[in-house]
Amino acid sequence: MSHRSKSPRDTKSEMTSLPAIQVLSLFLCTLFSHCLTGPGSASKSPACRNIPDSAGYPNAAAWNAFNSTVSGRLVNVVPSAKYCRESVPGGACTDTQWTSAVFRNTIPGAMEQVNWEQGYDLTPPSLCLQNGTTCGQGDVPLYSVEAQTVADIQAAVKFASTHNLRLVVKSSGHDYLGRSTAPGSLLIRTTHLQNISFTDAFFVGSQNMGSAVTLGSGVPAQSVYQQAKLNGKITVSPVAATVCNAGGWVQGAGHSALSPKFGLGADNVLEFYVVVASGELLQVNSISNPDLFYALRGGGAGSWGVIVSATFKTYPTFNATSSTILLVASNDSVVGALATLHAQHIFDLDSIPGGQYFYFVRNGTAADSASYLYLNTYLPNTTTSQSTALLAPFLNASLALPGVSILGEQSSYGDINDALYQVDDSVGANEVLGSRLIPAETYRDPTVVGEVYRELFSSGTTIIGGHLVAGGQVAENANIYSAVNPAWRSAKTHVLIVNEWPDATSIEDIDALRKHFQTQQLPIFEKMSGPDAGSYSNEADVLEPHFETTFFGPNYAKLSQIKSKYDPEDLFIVGAGVGSERWDEWGICRI
Ligand SMILES: Cc1cc2nc3c(=O)[nH]c(=O)nc-3n(C[C@H](O)[C@H](O)[C@H](O)COP(=O)(O)OP(=O)(O)OC[C@H]3O[C@@H](n4cnc5c(N)ncnc54)[C@H](O)[C@@H]3O)c2cc1C
Ligand SMILES: *[C@@H]1O[C@H](CO)[C@@H](O)[C@H](O)[C@H]1NC(C)=O
Ligand SMILES: *[C@@H]1O[C@H](CO)[C@@H](O)[C@H](O)[C@H]1NC(C)=O
Ligand SMILES: *[C@@H]1O[C@H](CO)[C@@H](O)[C@H](O)[C@H]1NC(C)=O
Ligand SMILES: *[C@@H]1O[C@H](CO)[C@@H](O)[C@H](O)[C@H]1NC(C)=O
Ligand SMILES: *[C@@H]1O[C@H](CO)[C@@H](O)[C@H](O)[C@H]1NC(C)=O
Ligand SMILES: *[C@@H]1O[C@H](CO)[C@@H](O)[C@H](O)[C@H]1NC(C)=O
Ligand SMILES: *[C@@H]1O[C@H](CO)[C@@H](O)[C@H](O)[C@H]1NC(C)=O
Ligand SMILES: *[C@@H]1O[C@H](CO)[C@@H](O)[C@H](O)[C@H]1NC(C)=O
């Protein structure tokens with residue numbers, strides 16, 4: 001690691017006694033000259049959002065009055081590390097709490113990948129690290145409305161709009177692109193919207209769409225599985241504890257182990273209730289605001305309004321076998337051979353069709369390191385012995401490869417809701433992703449797959465996550481009229497590369513790691529994805545230079561039109577989202 005002459009903690013330490021808002025305005029004013037000239041609040045579309053010290057920023061009395069309109073549900077927001085120091089009994093979070101998505105959901109300012117709380121790009125950088133002695137507000141919002149009602153959301157949207165504030169929306173903080181946080185912003189947190197209701201007959205207009213569940217936008221996937229089981233149902237949901245079905249997940253497309261069987265989350269949604277930029281609550285379905293219905297299904301999280309609830313199709317529940325296999329490959333050449341073999345068997349589960357997560361994780365970066373392959377397979381309506389038979393061709397051939405051994409194998413049979421239920425998500429690290437949707441075509445002649453894995457691992461990559469969550473019904477749903485990236489329809493898998501770093505890493509090295517996917521890994525990765533493969537916008541690199549096509553394929557022009565209709569002043573701007581090309585990386589000034 002390179003040594004930096006001036007660490008962010010050094011530069012920050014003299015400011016830590018100032019209130020967060022004052023410190024933040026110092027940072028932002030260094031960056032944006034409008035702090036000196038004033039943001040021009042008379043013009044209809046000011047160049048910049050109002051931040052503390054801008055002439056148009058609300059004063060304390062205005063914030064207090066606003067607090068009353070949201071029944072006292074306005075809170076000051078601090079980074080999660082600061083919250084742990086100040087608000088947790090004993091003055092610190094345990095490591096178990098720090099890495100728990102369920103616990104972090106109790107902290108308004110928390111992101112699951114803690115790098116998104118850090119203001120690496122502010123001048124000077126503003127960080128708040130787990131074991132740091134100083135703390136900057138970084139990219140964490142200043143205030144949050146802890147919404148419990150539609151009226152809370154409407155009041156917050158109107159307040160942000162009237163005062164030209166940077167507005168962000170968060171349900172779980174899982175976002176891998178940092179889209180649910182921004183410096184100097186007002187947050188609307190929908191985590192408390194926990195309504196769940198099942199029906200056997202859900203109507204869109206006069207048409208009975210059958211059984212369905214309506215989920216508040218704060219309902220975590222783990223509650224969905226629990227409640228669905230009690231109701232004898234299953235709905236396509238994330239395989240995660242606190243990711244919110246009716247938050248970012250569905251807006252990005254939403255994949256699941258059940259997607260090959262039932263399609264994407266966005267393919268299964270029947271209706272939304274959304275507060276749009278005007279403050280209006282809209283019913284959004286195939287006949288009411290159908291253009292917004294198109295956009296909310298795949299057009300990208302956080303760009304359209306605040307979702308209050310979403311209604312998804314349900315299916316009768318069934319039993320499934322879930323199987324876990326852990327293999328070791330002794331070196332990178334063996335990883336290559338194993339990855340090719342896995343690719344050759346990617347169609348083995350199609351008769352079910354099954355879903356699978358296949359994560360190759362290198363045991364460190366030293367030359368000649370071994371790697372693990374974690375295989376989690378979910379097979380609907382399949383007994384354990386049928387499951388074993390389906391996985392045997394791949395497993396037998398793997399164990400016949402020199403350098404591959406098996407560390408463990410386990411399977412269980414029972415209700416699919418129990419199989420997919422996660423107690424918690426392990427989070428709290430610094431992590432960025434890059435990803436591609438891998439066309440089914442790639443797997444027809446997959447030696448390139450192994451070559452790419454070997455080359456990536458031998459050049460420093462340590463985690464390549466694979467998701468067999470496409471094909472089957474995802475491909476068959478190609479005719480659904482929605483903003484889902486058409487790349488999903490011809491994909492077989494969604495593969496992502498993870499880059500992580502410890503807190504002690506220098507800002508320069510962090511900067512290089514944030515760009516690593518684009519500069520180093522993508523040129524190799526594209527040998528298997530092809531140059532124009534799309535990417536799943538929810539698990540991807542916020543720095544994609546051509547995000548308009550990479551995330552949205554041919555749909556961007558239409559999405560831009562819909563955006564200008566429902567959000568003409570760009571109140572809902574997120575990184576690499578529709579309209580973001582008009583804004584700086586913080587969504588604070590137009591460019
Ligand atoms: C551990 C883990 C497991 C995951 N598993 C899966 C998986 O199985 N399948 C899958 O497809 N993805 C998965 N993801 C990725 C997931 O889809 C994205 O992180 C997604 O953005 C999460 O949405 P969220 O609302 O829960 O997160 P948040 O960070 O709260 O929000 C994400 C985005 O949605 C917007 N948003 C949130 N709430 C609302 C709302 N009420 N109204 C409008 N916009 C809102 C935010 O502004 C932001 O742009 C996983 C991520 C993690 C970290
Ligand atoms: C909003 O009002 C509540 C209730 O009076 C109070 O507890 C809270 O601190 C206020 N929020 C802010 C940001 O002042
Ligand atoms: C912070 O300190 C705790 C307790 O010593 C330790 O377990 C944890 O790994 C540390 N975290 C970081 C990011 O250094
Ligand atoms: C949640 O459900 C209750 C009871 O049906 C209802 O009164 C309330 O408006 C719902 N809340 C939201 C945010 O939809
Ligand atoms: C992984 O690395 C650890 C620490 O170096 C070592 O003890 C372990 O044996 C390695 N595992 C494999 C499978 O090589
Ligand atoms: C599981 O099998 C039952 C009984 O044959 C059938 O009704 C149901 O549709 C099947 N479900 C799935 C997901 O295959
Ligand atoms: C896999 O190996 C096992 C044990 O050696 C054997 O019983 C089984 O027939 C093999 N299956 C296939 C599909 O090769
Ligand atoms: C990797 O392991 C295989 C199997 O043990 C071995 O044949 C090969 O020589 C090794 N390759 C390297 C580069 O070490
Ligand atoms: C589902 O599995 C459970 C055991 O977990 C069993 O009791 C039940 O009979 C099975 N149901 C069906 C329909 O096979």
# chains A, B, ... in the order shown; residues from 1 in each chain; ligands from 1
call {"tool": "residues_near_ligand", "arguments": {"ligand": "ligand 4", "cutoff": "6 Å", "atoms": "only C-alpha atoms and all ligand atoms", "output": "list in words"}}
result
Gln148, Thr149, Val150, Leu193 and Asn195 of chain A
call {"tool": "residues_near_ligand", "arguments": {"ligand": "ligand 7", "cutoff": "8 Å", "atoms": "only C-alpha atoms and all ligand atoms", "output": "PDB file with N, CA, C and O atoms, in the first residue's frame"}}
result
ATOM      1  N   ALA A 389     -28.950 -36.777  -8.381  1.00  0.00           N
ATOM      2  CA  ALA A 389     -28.777 -37.320  -9.733  1.00  0.00           C
ATOM      3  C   ALA A 389     -28.552 -36.204 -10.755  1.00  0.00           C
ATOM      4  O   ALA A 389     -27.740 -36.341 -11.669  1.00  0.00           O
ATOM      5  N   LEU A 390     -29.251 -35.067 -10.577  1.00  0.00           N
ATOM      6  CA  LEU A 390     -29.089 -33.958 -11.524  1.00  0.00           C
ATOM      7  C   LEU A 390     -27.715 -33.303 -11.407  1.00  0.00           C
ATOM      8  O   LEU A 390     -27.162 -32.819 -12.392  1.00  0.00           O
ATOM      9  N   LEU A 391     -27.184 -33.272 -10.189  1.00  0.00           N
ATOM     10  CA  LEU A 391     -25.887 -32.606  -9.978  1.00  0.00           C
ATOM     11  C   LEU A 391     -24.709 -33.557 -10.208  1.00  0.00           C
ATOM     12  O   LEU A 391     -23.574 -33.104 -10.343  1.00  0.00           O
ATOM     13  N   ALA A 392     -24.990 -34.857 -10.269  1.00  0.00           N
ATOM     14  CA  ALA A 392     -23.899 -35.838 -10.348  1.00  0.00           C
ATOM     15  C   ALA A 392     -23.004 -35.700 -11.585  1.00  0.00           C
ATOM     16  O   ALA A 392     -21.784 -35.784 -11.454  1.00  0.00           O
ATOM     17  N   PRO A 393     -23.569 -35.462 -12.761  1.00  0.00           N
ATOM     18  CA  PRO A 393     -22.666 -35.368 -13.918  1.00  0.00           C
ATOM     19  C   PRO A 393     -21.595 -34.293 -13.728  1.00  0.00           C
ATOM     20  O   PRO A 393     -20.416 -34.532 -14.011  1.00  0.00           O
ATOM     21  N   PHE A 394     -21.992 -33.139 -13.228  1.00  0.00           N
ATOM     22  CA  PHE A 394     -20.997 -32.085 -12.982  1.00  0.00           C
ATOM     23  C   PHE A 394     -20.062 -32.472 -11.842  1.00  0.00           C
ATOM     24  O   PHE A 394     -18.833 -32.345 -11.949  1.00  0.00           O
ATOM     25  N   LEU A 395     -20.642 -32.975 -10.768  1.00  0.00           N
ATOM     26  CA  LEU A 395     -19.825 -33.251  -9.594  1.00  0.00           C
ATOM     27  C   LEU A 395     -18.815 -34.379  -9.870  1.00  0.00           C
ATOM     28  O   LEU A 395     -17.625 -34.269  -9.528  1.00  0.00           O
ATOM     29  N   ASN A 396     -19.289 -35.413 -10.513  1.00  0.00           N
ATOM     30  CA  ASN A 396     -18.377 -36.528 -10.818  1.00  0.00           C
ATOM     31  C   ASN A 396     -17.230 -36.066 -11.710  1.00  0.00           C
ATOM     32  O   ASN A 396     -16.063 -36.388 -11.458  1.00  0.00           O
ATOM     33  N   ALA A 397     -17.570 -35.311 -12.742  1.00  0.00           N
ATOM     34  CA  ALA A 397     -16.526 -34.855 -13.662  1.00  0.00           C
ATOM     35  C   ALA A 397     -15.560 -33.900 -12.949  1.00  0.00           C
ATOM     36  O   ALA A 397     -14.358 -33.910 -13.207  1.00  0.00           O
TER      37      ALA A 397
END
call {"tool": "closest_atom_pairs", "arguments": {"of": "chain A", "to": "ligand 8", "cutoff": "10 Å", "atoms": "only C-alpha atoms and all ligand atoms", "output": "Markdown table"}}
result
| residue | atom | partner | partner_atom_place_in_ligand_line | distance |
| --- | --- | --- | --- | --- |
| A:Ala329 | CA | ligand 8 | 2 (O) | 8.0 |
| A:Ser330 | CA | ligand 8 | 2 (O) | 5.6 |
| A:Asn331 | CA | ligand 8 | 1 (C) | 4.9 |
| A:Asp332 | CA | ligand 8 | 1 (C) | 6.9 |
| A:Ser333 | CA | ligand 8 | 1 (C) | 5.6 |
| A:Val334 | CA | ligand 8 | 1 (C) | 5.7 |
| A:Val335 | CA | ligand 8 | 1 (C) | 8.9 |
| A:Ala337 | CA | ligand 8 | 3 (C) | 9.9 |
| A:Ala367 | CA | ligand 8 | 14 (O) | 9.2 |
| A:Asp368 | CA | ligand 8 | 14 (O) | 6.3 |
| A:Ser369 | CA | ligand 8 | 14 (O) | 9.4 |
| A:Ala370 | CA | ligand 8 | 1 (C) | 9.1 |
| A:Leu401 | CA | ligand 8 | 4 (C) | 7.8 |
| A:Pro402 | CA | ligand 8 | 4 (C) | 4.6 |
| A:Gly403 | CA | ligand 8 | 4 (C) | 3.9 |
| A:Val404 | CA | ligand 8 | 4 (C) | 7.6 |
call {"tool": "closest_atom_pairs", "arguments": {"of": "range 137-249 of chain A", "to": "range 74-89 of chain A", "cutoff": "12 Å", "atoms": "only C-alpha atoms", "output": "tab-separated table"}}
result
residue	atom	partner	partner_atom	distance
A:Gln137	CA	A:Pro79	CA	6.3
A:Gly138	CA	A:Pro79	CA	7.8
A:Asp139	CA	A:Pro79	CA	8.6
A:Val140	CA	A:Pro79	CA	6.0
A:Pro141	CA	A:Val77	CA	6.2
A:Leu142	CA	A:Val77	CA	5.1
A:Tyr143	CA	A:Asn76	CA	4.7
A:Ser144	CA	A:Val75	CA	5.3
A:Val145	CA	A:Leu74	CA	4.6
A:Glu146	CA	A:Leu74	CA	6.4
A:Ala147	CA	A:Leu74	CA	8.6
A:Gln148	CA	A:Leu74	CA	11.2
A:Asp152	CA	A:Leu74	CA	9.6
A:Ile153	CA	A:Leu74	CA	11.3
A:Ala155	CA	A:Leu74	CA	11.1
A:Ala156	CA	A:Leu74	CA	9.5
A:Gly173	CA	A:Ser80	CA	11.5
A:Thr181	CA	A:Pro79	CA	10.6
A:Ala182	CA	A:Pro79	CA	11.6
A:Pro183	CA	A:Val77	CA	11.0
A:Gly184	CA	A:Val77	CA	10.5
A:Ser185	CA	A:Val77	CA	10.0
A:Leu186	CA	A:Val77	CA	9.3
A:Leu187	CA	A:Val77	CA	8.8
A:Ile188	CA	A:Leu74	CA	9.4
A:Arg189	CA	A:Leu74	CA	10.2
call {"tool": "closest_residue", "arguments": {"among": "A:Thr505, A:Thr106, A:Ser580, A:Ser412", "to": "ligand 3", "atoms": "only C-alpha atoms and all ligand atoms"}}
result
A:Thr505
call {"tool": "residues_near_ligand", "arguments": {"ligand": "ligand 3", "cutoff": "8 Å", "atoms": "only C-alpha atoms and all ligand atoms", "output": "number ranges by chain"}}
result
A: 94-95, 129-131, 429, 502-504
call {"tool": "residues_near_ligand", "arguments": {"ligand": "ligand 9", "cutoff": "8 Å", "atoms": "only C-alpha atoms and all ligand atoms", "output": "PyMOL selection string"}}
result
chain A and resi 318-320+381+413-415
call {"tool": "closest_atom_pairs", "arguments": {"of": "chain A", "to": "ligand 1", "cutoff": "7 Å", "atoms": "only C-alpha atoms and all ligand atoms", "output": "Markdown table"}}
result
| residue | atom | partner | partner_atom_place_in_ligand_line | distance |
| --- | --- | --- | --- | --- |
| A:Met111 | CA | ligand 1 | 29 (O) | 7.0 |
| A:Glu112 | CA | ligand 1 | 53 (C) | 6.5 |
| A:Val168 | CA | ligand 1 | 47 (O) | 5.8 |
| A:Val169 | CA | ligand 1 | 47 (O) | 4.1 |
| A:Lys170 | CA | ligand 1 | 30 (O) | 3.7 |
| A:Ser171 | CA | ligand 1 | 30 (O) | 3.6 |
| A:Ser172 | CA | ligand 1 | 30 (O) | 3.8 |
| A:Gly173 | CA | ligand 1 | 29 (O) | 3.2 |
| A:His174 | CA | ligand 1 | 29 (O) | 4.0 |
| A:Asp175 | CA | ligand 1 | 29 (O) | 3.6 |
| A:Tyr176 | CA | ligand 1 | 19 (O) | 5.4 |
| A:Arg179 | CA | ligand 1 | 49 (O) | 4.2 |
| A:Ser180 | CA | ligand 1 | 48 (C) | 4.3 |
| A:Thr190 | CA | ligand 1 | 41 (N) | 5.3 |
| A:Ser217 | CA | ligand 1 | 41 (N) | 4.8 |
| A:Gly218 | CA | ligand 1 | 41 (N) | 6.8 |
| A:Pro238 | CA | ligand 1 | 8 (O) | 3.6 |
| A:Val239 | CA | ligand 1 | 8 (O) | 3.9 |
| A:Ala240 | CA | ligand 1 | 3 (C) | 4.7 |
| A:Thr242 | CA | ligand 1 | 26 (O) | 6.5 |
| A:Val243 | CA | ligand 1 | 26 (O) | 3.7 |
| A:Cys244 | CA | ligand 1 | 26 (O) | 3.9 |
| A:Asn245 | CA | ligand 1 | 26 (O) | 6.9 |
| A:Ala246 | CA | ligand 1 | 41 (N) | 6.7 |
| A:Gly247 | CA | ligand 1 | 25 (O) | 3.6 |
| A:Gly248 | CA | ligand 1 | 34 (O) | 3.1 |
| A:Trp249 | CA | ligand 1 | 17 (O) | 3.8 |
| A:Gly252 | CA | ligand 1 | 17 (O) | 6.9 |
| A:Ala253 | CA | ligand 1 | 11 (O) | 6.6 |
| A:Gly254 | CA | ligand 1 | 11 (O) | 3.7 |
| A:His255 | CA | ligand 1 | 11 (O) | 3.8 |
| A:Ser256 | CA | ligand 1 | 8 (O) | 5.2 |
| A:Ala301 | CA | ligand 1 | 49 (O) | 4.3 |
| A:Gly302 | CA | ligand 1 | 49 (O) | 3.7 |
| A:Trp304 | CA | ligand 1 | 43 (C) | 6.9 |
| A:Gly305 | CA | ligand 1 | 43 (C) | 5.5 |
| A:Val306 | CA | ligand 1 | 42 (N) | 3.6 |
| A:Ile307 | CA | ligand 1 | 42 (N) | 3.7 |
| A:Val308 | CA | ligand 1 | 41 (N) | 5.8 |
| A:Asp425 | CA | ligand 1 | 1 (C) | 5.1 |
| A:Ser426 | CA | ligand 1 | 1 (C) | 6.6 |
| A:Val427 | CA | ligand 1 | 1 (C) | 6.7 |
| A:Asn538 | CA | ligand 1 | 18 (C) | 4.8 |
| A:Glu539 | CA | ligand 1 | 15 (C) | 5.5 |
| A:Val574 | CA | ligand 1 | 49 (O) | 6.1 |
call {"tool": "write_last_selection", "arguments": {"atoms": "N, CA and C atoms", "output": "compact mmCIF listing (two decimals), in the first residue's frame"}}
result
# COMPACT_ATOMS: atom_id res chain seq x y z
N MET A 111 -25.34 2.31 5.31
CA MET A 111 -25.35 1.53 4.07
C MET A 111 -24.76 0.17 4.42
N GLU A 112 -25.13 -0.86 3.65
CA GLU A 112 -24.61 -2.19 3.97
C GLU A 112 -23.15 -2.31 3.56
N VAL A 168 -32.81 11.71 -1.36
CA VAL A 168 -32.52 10.30 -1.61
C VAL A 168 -33.57 9.43 -0.91
N VAL A 169 -33.71 8.22 -1.42
CA VAL A 169 -34.70 7.28 -0.90
C VAL A 169 -33.98 5.99 -0.53
N LYS A 170 -34.35 5.44 0.62
CA LYS A 170 -33.69 4.20 1.04
C LYS A 170 -34.70 3.30 1.72
N SER A 171 -34.61 2.00 1.44
CA SER A 171 -35.41 1.05 2.21
C SER A 171 -34.51 0.19 3.08
N SER A 172 -33.50 -0.47 2.46
CA SER A 172 -32.60 -1.34 3.23
C SER A 172 -31.14 -0.89 3.23
N GLY A 173 -30.76 -0.03 2.29
CA GLY A 173 -29.36 0.38 2.19
C GLY A 173 -28.45 -0.67 1.59
N HIS A 174 -29.03 -1.66 0.89
CA HIS A 174 -28.23 -2.72 0.28
C HIS A 174 -27.51 -2.27 -0.98
N ASP A 175 -27.84 -1.12 -1.48
CA ASP A 175 -27.44 -0.77 -2.84
C ASP A 175 -25.93 -0.85 -3.08
N TYR A 176 -25.55 -1.56 -4.14
CA TYR A 176 -24.14 -1.74 -4.50
C TYR A 176 -23.59 -0.58 -5.33
N ARG A 179 -26.68 4.22 -4.37
CA ARG A 179 -27.76 5.10 -4.84
C ARG A 179 -28.73 5.52 -3.75
N SER A 180 -28.60 4.93 -2.56
CA SER A 180 -29.52 5.32 -1.49
C SER A 180 -28.87 6.24 -0.46
N THR A 190 -37.97 4.36 3.86
CA THR A 190 -39.25 3.66 3.81
C THR A 190 -39.21 2.34 4.59
N SER A 217 -42.95 -0.94 1.03
CA SER A 217 -41.61 -0.88 0.44
C SER A 217 -40.51 -1.09 1.47
N GLY A 218 -40.86 -1.25 2.75
CA GLY A 218 -39.84 -1.57 3.74
C GLY A 218 -39.80 -3.04 4.13
N PRO A 238 -35.94 -11.88 -3.57
CA PRO A 238 -34.48 -11.98 -3.49
C PRO A 238 -34.04 -13.06 -2.50
N VAL A 239 -32.92 -13.69 -2.77
CA VAL A 239 -32.35 -14.65 -1.82
C VAL A 239 -31.41 -13.86 -0.92
N ALA A 240 -32.02 -13.18 0.03
CA ALA A 240 -31.32 -12.26 0.92
C ALA A 240 -32.24 -12.02 2.11
N THR A 242 -32.60 -8.85 4.05
CA THR A 242 -33.28 -7.56 4.20
C THR A 242 -33.47 -6.79 2.91
N VAL A 243 -33.01 -7.31 1.78
CA VAL A 243 -33.30 -6.64 0.50
C VAL A 243 -34.82 -6.49 0.40
N CYS A 244 -35.29 -5.33 -0.05
CA CYS A 244 -36.73 -5.07 -0.09
C CYS A 244 -37.29 -5.31 -1.49
N ASN A 245 -38.22 -6.27 -1.59
CA ASN A 245 -38.83 -6.59 -2.88
C ASN A 245 -39.41 -5.35 -3.55
N ALA A 246 -40.09 -4.51 -2.74
CA ALA A 246 -40.80 -3.35 -3.28
C ALA A 246 -39.94 -2.08 -3.23
N GLY A 247 -38.62 -2.25 -3.04
CA GLY A 247 -37.69 -1.10 -3.06
C GLY A 247 -36.91 -1.13 -4.35
N GLY A 248 -35.58 -1.18 -4.21
CA GLY A 248 -34.73 -1.16 -5.41
C GLY A 248 -34.80 -2.44 -6.22
N TRP A 249 -35.00 -3.57 -5.55
CA TRP A 249 -34.94 -4.88 -6.21
C TRP A 249 -35.81 -4.94 -7.46
N GLY A 252 -34.97 -2.62 -10.51
CA GLY A 252 -33.81 -2.97 -11.32
C GLY A 252 -34.05 -4.18 -12.20
N ALA A 253 -35.01 -5.02 -11.85
CA ALA A 253 -35.42 -6.27 -12.53
C ALA A 253 -35.75 -7.30 -11.46
N GLY A 254 -34.82 -7.53 -10.50
CA GLY A 254 -35.09 -8.43 -9.40
C GLY A 254 -34.93 -9.89 -9.78
N HIS A 255 -33.77 -10.47 -9.46
CA HIS A 255 -33.60 -11.90 -9.77
C HIS A 255 -33.73 -12.74 -8.52
N SER A 256 -33.97 -14.03 -8.73
CA SER A 256 -34.22 -14.98 -7.65
C SER A 256 -33.82 -16.36 -8.13
N ALA A 301 -33.51 1.59 -10.25
CA ALA A 301 -33.95 1.97 -8.91
C ALA A 301 -33.75 3.45 -8.64
N GLY A 302 -34.73 4.04 -7.96
CA GLY A 302 -34.54 5.38 -7.39
C GLY A 302 -34.76 6.54 -8.34
N TRP A 304 -37.74 7.31 -10.13
CA TRP A 304 -39.11 7.54 -10.56
C TRP A 304 -40.02 8.18 -9.52
N GLY A 305 -39.73 7.96 -8.27
CA GLY A 305 -40.59 8.45 -7.21
C GLY A 305 -40.36 7.58 -5.99
N VAL A 306 -41.22 7.73 -4.99
CA VAL A 306 -41.08 6.91 -3.79
C VAL A 306 -42.17 5.84 -3.81
N ILE A 307 -41.75 4.59 -3.89
CA ILE A 307 -42.71 3.49 -3.89
C ILE A 307 -43.23 3.31 -2.46
N VAL A 308 -44.56 3.28 -2.35
CA VAL A 308 -45.18 3.01 -1.06
C VAL A 308 -45.37 1.50 -0.91
N ASP A 425 -27.96 -11.02 6.41
CA ASP A 425 -26.96 -10.89 5.36
C ASP A 425 -25.68 -10.43 6.03
N SER A 426 -24.57 -10.98 5.59
CA SER A 426 -23.28 -10.58 6.14
C SER A 426 -22.75 -9.41 5.33
N VAL A 427 -22.72 -8.23 5.95
CA VAL A 427 -22.37 -6.99 5.24
C VAL A 427 -21.34 -6.21 6.06
N ASN A 538 -28.72 -3.45 -10.71
CA ASN A 538 -28.69 -3.47 -9.25
C ASN A 538 -27.42 -4.07 -8.67
N GLU A 539 -26.70 -4.82 -9.46
CA GLU A 539 -25.46 -5.44 -8.97
C GLU A 539 -24.41 -5.18 -10.02
N VAL A 574 -30.11 9.33 -9.30
CA VAL A 574 -29.17 8.37 -8.68
C VAL A 574 -28.02 8.09 -9.64
call {"tool": "residues_around", "arguments": {"residues": "Asp511 in chain A", "least_positions_apart": "6", "cutoff": "12 Å", "atoms": "only C-alpha atoms", "output": "MDAnalysis selection string"}}
result
chainID A and resid 115 119:121 125 432 499:501 505 517 519 543
call {"tool": "residues_around", "arguments": {"residues": "Pro531 in chain A", "least_positions_apart": "4", "cutoff": "10 Å", "atoms": "only C-alpha atoms", "output": "list in words"}}
result
Arg436, Leu522, Pro523, Phe525, Glu526 and Lys527 of chain A
call {"tool": "select_by_dssp", "arguments": {"residues": "range 310-345 of chain A", "states": "helix (DSSP H, G or I)", "output": "list of chain:residue names"}}
result
A:Asp332, A:Ser333, A:Val334, A:Val335, A:Gly336, A:Ala337, A:Leu338, A:Ala339, A:Thr340, A:Leu341, A:His342, A:Ala343, A:Gln344
call {"tool": "residues_near_ligand", "arguments": {"ligand": "ligand 6", "cutoff": "10 Å", "atoms": "only C-alpha atoms and all ligand atoms", "output": "ChimeraX atom specification"}}
result
/A:234,258,261-262,315-320,352-354,379-382,416
call {"tool": "write_last_selection", "arguments": {"atoms": "N, CA and C atoms", "output": "compact mmCIF listing (two decimals), in the first residue's frame"}}
result
# COMPACT_ATOMS: atom_id res chain seq x y z
N ILE A 234 -45.90 -18.75 -2.40
CA ILE A 234 -44.51 -18.32 -2.63
C ILE A 234 -44.60 -17.18 -3.64
N LEU A 258 -35.77 -18.59 -8.06
CA LEU A 258 -36.99 -19.05 -8.72
C LEU A 258 -37.24 -18.37 -10.06
N LYS A 261 -37.86 -20.50 -13.05
CA LYS A 261 -39.18 -21.12 -12.98
C LYS A 261 -40.31 -20.10 -13.21
N PHE A 262 -40.20 -18.90 -12.59
CA PHE A 262 -41.32 -17.96 -12.58
C PHE A 262 -41.01 -16.58 -13.16
N TYR A 315 -47.80 -17.83 -6.02
CA TYR A 315 -48.04 -19.18 -6.52
C TYR A 315 -48.24 -20.07 -5.30
N PRO A 316 -48.92 -21.21 -5.49
CA PRO A 316 -49.02 -22.15 -4.36
C PRO A 316 -47.61 -22.59 -3.97
N THR A 317 -47.36 -22.71 -2.66
CA THR A 317 -46.01 -23.12 -2.27
C THR A 317 -45.79 -24.60 -2.62
N PHE A 318 -44.55 -25.01 -2.58
CA PHE A 318 -44.18 -26.39 -2.94
C PHE A 318 -42.90 -26.73 -2.20
N ASN A 319 -42.55 -27.98 -2.21
CA ASN A 319 -41.29 -28.40 -1.62
C ASN A 319 -40.16 -28.32 -2.64
N ALA A 320 -38.97 -28.18 -2.15
CA ALA A 320 -37.82 -28.09 -3.03
C ALA A 320 -36.62 -28.69 -2.32
N ILE A 352 -35.95 -28.71 -14.72
CA ILE A 352 -36.77 -28.40 -13.52
C ILE A 352 -37.61 -27.14 -13.71
N PRO A 353 -37.15 -25.94 -14.08
CA PRO A 353 -35.76 -25.52 -14.11
C PRO A 353 -35.31 -25.01 -12.74
N GLY A 354 -34.03 -25.21 -12.47
CA GLY A 354 -33.47 -24.83 -11.17
C GLY A 354 -32.71 -23.52 -11.21
N LEU A 379 -33.86 -26.51 -6.31
CA LEU A 379 -34.59 -27.27 -7.31
C LEU A 379 -36.04 -27.50 -6.86
N PRO A 380 -36.99 -26.71 -7.45
CA PRO A 380 -38.40 -26.85 -7.10
C PRO A 380 -38.93 -28.26 -7.37
N ASN A 381 -39.82 -28.73 -6.50
CA ASN A 381 -40.52 -30.00 -6.71
C ASN A 381 -39.56 -31.16 -7.00
N THR A 382 -38.44 -31.17 -6.33
CA THR A 382 -37.42 -32.17 -6.60
C THR A 382 -37.00 -32.79 -5.28
N ILE A 416 -40.27 -24.40 0.02
CA ILE A 416 -39.38 -23.49 -0.70
C ILE A 416 -39.15 -22.19 0.08
call {"tool": "closest_residue", "arguments": {"among": "A:Thr365, A:Thr384, A:Gln222, A:Gln97", "to": "ligand 5", "atoms": "only C-alpha atoms and all ligand atoms"}}
result
A:Thr365
call {"tool": "atom_distance", "arguments": {"atom1": "CA of Gln518 in chain A", "atom2": "atom 13 (C, counted along the ligand's line) of ligand 5"}}
result
29.5 Å
call {"tool": "select_by_dssp", "arguments": {"residues": "range 169-343 of chain A", "states": "strand (DSSP E)", "output": "JSON, numbers by chain"}}
result
{"A": [169, 170, 186, 187, 188, 189, 196, 197, 198, 199, 203, 204, 207, 208, 212, 213, 214, 215, 216, 233, 234, 269, 270, 271, 272, 273, 274, 275, 281, 282, 283, 284, 285, 306, 307, 308, 309, 310, 311, 312, 313, 315, 316, 319, 320, 321, 322, 323, 324, 325, 326, 327, 328, 329]}
